[in-house]
file structure-v8.json (JSON, C-alpha atoms and all ligand atoms)
[["chain", "number", "residue", "atom", "x", "y", "z"],
["A", 27, "MET", "CA", 112.61, 106.16, 48.40],
["A", 28, "LYS", "CA", 109.21, 107.32, 49.53],
["A", 29, "LYS", "CA", 109.10, 110.32, 51.79],
["A", 30, "ARG", "CA", 106.72, 110.00, 54.73],
["A", 31, "SER", "CA", 104.89, 113.12, 55.76],
["A", 32, "GLY", "CA", 104.94, 114.18, 59.37],
["A", 33, "GLY", "CA", 101.19, 114.55, 59.30],
["A", 34, "LEU", "CA", 100.68, 110.92, 58.41],
["A", 35, "VAL", "CA", 102.89, 109.69, 61.23],
["A", 36, "TYR", "CA", 101.04, 111.96, 63.62],
["A", 37, "SER", "CA", 97.59, 110.64, 62.69],
["A", 38, "THR", "CA", 98.81, 107.05, 62.99],
["A", 39, "GLU", "CA", 100.03, 107.77, 66.51],
["A", 40, "LEU", "CA", 96.71, 109.37, 67.38],
["A", 41, "GLY", "CA", 94.91, 106.17, 66.49],
["A", 42, "ARG", "CA", 96.98, 104.32, 69.05],
["A", 43, "THR", "CA", 96.12, 106.40, 72.09],
["A", 44, "CYS", "CA", 94.23, 105.08, 75.09],
["A", 45, "PRO", "CA", 90.57, 106.19, 75.09],
["A", 46, "THR", "CA", 90.67, 106.56, 78.89],
["A", 47, "CYS", "CA", 93.77, 108.64, 79.59],
["A", 48, "ARG", "CA", 94.47, 109.76, 75.99],
["A", 49, "ARG", "CA", 98.11, 108.87, 76.31],
["A", 50, "GLN", "CA", 99.86, 106.87, 73.67],
["A", 51, "VAL", "CA", 99.40, 103.17, 74.21],
["A", 52, "GLY", "CA", 103.05, 102.78, 75.22],
["A", 53, "ALA", "CA", 102.69, 105.40, 77.97],
["A", 54, "CYS", "CA", 99.27, 104.27, 79.19],
["A", 55, "ARG", "CA", 99.13, 102.80, 82.67],
["A", 56, "CYS", "CA", 95.37, 102.26, 82.87],
["A", 57, "ARG", "CA", 95.51, 98.51, 82.47],
["A", 58, "GLU", "CA", 98.22, 98.22, 85.10],
["A", 59, "ALA", "CA", 96.10, 99.85, 87.80],
["A", 60, "PRO", "CA", 95.61, 97.44, 90.69],
["A", 61, "PRO", "CA", 92.06, 96.28, 91.43],
["A", 62, "PRO", "CA", 90.39, 97.98, 94.40],
["A", 63, "PRO", "CA", 91.30, 96.24, 97.68],
["A", 64, "ARG", "CA", 87.69, 95.42, 98.44],
["A", 65, "ALA", "CA", 87.02, 93.86, 95.07],
["A", 66, "ASP", "CA", 85.32, 90.80, 96.54],
["A", 67, "GLY", "CA", 83.77, 92.62, 99.51],
["A", 68, "VAL", "CA", 85.47, 90.38, 102.03],
["A", 69, "VAL", "CA", 87.54, 91.67, 104.93],
["A", 70, "ARG", "CA", 90.38, 89.30, 105.73],
["A", 71, "VAL", "CA", 91.98, 88.98, 109.11],
["A", 72, "GLY", "CA", 95.28, 87.15, 108.99],
["A", 73, "ARG", "CA", 98.50, 86.90, 110.89],
["A", 74, "GLU", "CA", 102.08, 87.64, 109.94],
["A", 75, "THR", "CA", 104.85, 86.13, 112.01],
["A", 76, "LYS", "CA", 107.70, 86.17, 109.57],
["A", 77, "GLY", "CA", 110.42, 88.43, 110.92],
["A", 78, "ARG", "CA", 108.21, 89.43, 113.86],
["A", 79, "LYS", "CA", 108.63, 88.84, 117.54],
["A", 80, "GLY", "CA", 106.34, 86.57, 119.56],
["A", 81, "ALA", "CA", 102.78, 86.30, 118.27],
["A", 82, "GLY", "CA", 103.61, 88.49, 115.28],
["A", 83, "VAL", "CA", 101.06, 90.95, 113.97],
["A", 84, "THR", "CA", 97.42, 90.73, 112.98],
["A", 85, "ILE", "CA", 96.83, 91.91, 109.42],
["A", 86, "VAL", "CA", 93.46, 93.27, 108.34],
["A", 87, "THR", "CA", 92.95, 93.67, 104.59],
["A", 88, "GLY", "CA", 89.99, 94.47, 102.35],
["A", 89, "VAL", "CA", 88.38, 96.92, 104.77],
["A", 90, "PRO", "CA", 85.88, 99.00, 102.75],
["A", 91, "LEU", "CA", 87.15, 102.26, 104.23],
["A", 92, "THR", "CA", 89.79, 104.78, 103.24],
["A", 93, "GLY", "CA", 91.64, 107.70, 104.70],
["A", 94, "LEU", "CA", 90.41, 109.04, 108.03],
["A", 95, "GLU", "CA", 87.70, 106.40, 108.37],
["A", 96, "LEU", "CA", 90.26, 103.65, 108.07],
["A", 97, "THR", "CA", 92.55, 105.40, 110.54],
["A", 98, "ALA", "CA", 89.64, 105.76, 112.97],
["A", 99, "LEU", "CA", 88.83, 102.06, 112.68],
["A", 100, "ALA", "CA", 92.46, 101.17, 113.32],
["A", 101, "LYS", "CA", 92.39, 103.36, 116.42],
["A", 102, "THR", "CA", 89.26, 101.60, 117.69],
["A", 103, "LEU", "CA", 90.78, 98.19, 117.09],
["A", 104, "LYS", "CA", 93.99, 99.19, 118.85],
["A", 105, "GLN", "CA", 91.95, 100.26, 121.88],
["A", 106, "ARG", "CA", 89.97, 96.99, 121.86],
["A", 107, "CYS", "CA", 93.14, 94.94, 121.64],
["A", 108, "GLY", "CA", 95.11, 97.14, 123.99],
["A", 109, "SER", "CA", 98.06, 97.13, 121.65],
["A", 110, "GLY", "CA", 99.78, 99.25, 119.08],
["A", 111, "GLY", "CA", 99.34, 99.18, 115.37],
["A", 112, "THR", "CA", 99.66, 101.00, 112.08],
["A", 113, "VAL", "CA", 97.80, 101.62, 108.85],
["A", 114, "LYS", "CA", 99.82, 101.18, 105.71],
["A", 115, "ASP", "CA", 98.57, 101.08, 102.12],
["A", 116, "GLY", "CA", 95.00, 100.41, 103.27],
["A", 117, "VAL", "CA", 96.08, 97.54, 105.50],
["A", 118, "ILE", "CA", 95.70, 97.60, 109.28],
["A", 119, "GLU", "CA", 98.47, 95.96, 111.28],
["A", 120, "LEU", "CA", 98.09, 95.28, 114.99],
["A", 121, "GLN", "CA", 100.79, 94.04, 117.31],
["A", 122, "GLY", "CA", 100.07, 90.51, 118.51],
["A", 123, "ASP", "CA", 97.49, 87.92, 117.52],
["A", 124, "HIS", "CA", 94.04, 89.44, 118.01],
["A", 125, "ARG", "CA", 92.24, 87.72, 115.17],
["A", 126, "ASP", "CA", 89.27, 86.41, 117.20],
["A", 127, "LEU", "CA", 88.56, 89.80, 118.71],
["A", 128, "ILE", "CA", 88.95, 91.66, 115.43],
["A", 129, "VAL", "CA", 86.76, 89.23, 113.49],
["A", 130, "THR", "CA", 84.06, 89.79, 116.12],
["A", 131, "GLU", "CA", 84.43, 93.57, 115.97],
["A", 132, "LEU", "CA", 84.32, 93.78, 112.18],
["A", 133, "THR", "CA", 81.44, 91.34, 111.84],
["A", 134, "LYS", "CA", 79.40, 93.66, 114.10],
["A", 135, "ARG", "CA", 79.78, 96.33, 111.42],
["A", 136, "GLY", "CA", 77.97, 94.14, 108.96],
["A", 137, "TRP", "CA", 80.99, 93.19, 106.87],
["A", 138, "THR", "CA", 81.80, 89.73, 105.62],
["A", 139, "VAL", "CA", 84.89, 88.78, 107.57],
["A", 140, "LYS", "CA", 87.14, 85.83, 106.98],
["A", 141, "ARG", "CA", 89.86, 84.64, 109.29],
["A", 142, "SER", "CA", 92.95, 83.39, 107.57],
["A", 143, "GLY", "CA", 96.38, 82.11, 108.45],
["A", 144, "GLY", "CA", 97.49, 79.53, 110.98],
["A", 201, "ZN", "ZN", 95.22, 104.80, 79.44]]

call {"tool": "encode", "arguments": {"input": "structure-v8.json", "output": "structure tokens"}}
result
Amino acid sequence: MKKRSGGLVYSTELGRTCPTCRRQVGACRCREAPPPPRADGVVRVGRETKGRKGAGVTIVTGVPLTGLELTALAKTLKQRCGSGGTVKDGVIELQGDHRDLIVTELTKRGWTVKRSGG
């Protein structure tokens, strides 16, 4: 029986580490990272009615803003629509169906906006 040296095993493992995060391939999560929300540069304004009351909620995704800027935009949209809303995981949700108004507002900012949903 051939005895394997610890050093050899170690160097083999080194060769299988991710060049980005330097973790071993099995522990690397780089390839699992989701693509950025604005990958195609299009802001989508849709509607979600499933499990919601009345007109449901207007969903805005792909907005090229983050953090405070996104929160500020959501606040502006809430004021325009005169309704409540939230920001969650980079997605703006507004109570009720305000797609026309929001598409108009966001287009003014120079973004490519697409209306989706029924
Ligand atoms: Zn990695």

call {"tool": "atom_distance", "arguments": {"input": "structure-v8.json", "atom1": "atom CA of Thr87 of chain A", "atom2": "atom CA of Val117 of chain A"}}
result
5.1 Å

call {"tool": "closest_residue", "arguments": {"input": "structure-v8.json", "among": "A:Lys140, A:Lys114, A:Arg49, A:Arg70", "to": "ligand ZN 201 (chain A)", "atoms": "only C-alpha atoms and all ligand atoms"}}
result
A:Arg49

call {"tool": "atom_distance", "arguments": {"input": "structure-v8.json", "atom1": "atom CA of Cys54 of chain A", "atom2": "atom CA of Val89 of chain A"}}
result
28.8 Å

call {"tool": "atom_distance", "arguments": {"input": "structure-v8.json", "atom1": "atom CA of Ile118 of chain A", "atom2": "atom CA of Val86 of chain A"}}
result
5.0 Å

call {"tool": "residues_near_ligand", "arguments": {"input": "structure-v8.json", "ligand": "ligand ZN 201 (chain A)", "cutoff": "12 Å", "atoms": "all atoms listed in the file", "output": "list in words"}}
result
Arg42, Thr43, Cys44, Pro45, Thr46, Cys47, Arg48, Arg49, Gln50, Val51, Gly52, Ala53, Cys54, Arg55, Cys56, Arg57, Glu58 and Ala59 of chain A

call {"tool": "axis_aligned_box", "arguments": {"input": "structure-v8.json", "around": "segment 90-109 of chain A", "padding_each_side": "5 Å", "output": "AutoDock Vina command-line options"}}
result
--center_x 92.0 --center_y 102.0 --center_z 113.4 --size_x 22.2 --size_y 24.1 --size_z 31.2

call {"tool": "residues_around", "arguments": {"input": "structure-v8.json", "residues": "segment 92-107 of chain A", "least_positions_apart": "3", "cutoff": "8 Å", "atoms": "only C-alpha atoms", "output": "ChimeraX atom specification"}}
result
/A:89,110-113,116,118,120,124,127-128,131

call {"tool": "residues_near_point", "arguments": {"input": "structure-v8.json", "point": "(97.6, 86.4, 109.3)", "cutoff": "12 Å", "atoms": "only C-alpha atoms", "output": "VMD selection string"}}
result
chain A and resid 70 to 76 78 81 to 87 117 to 126 128 to 129 140 to 144
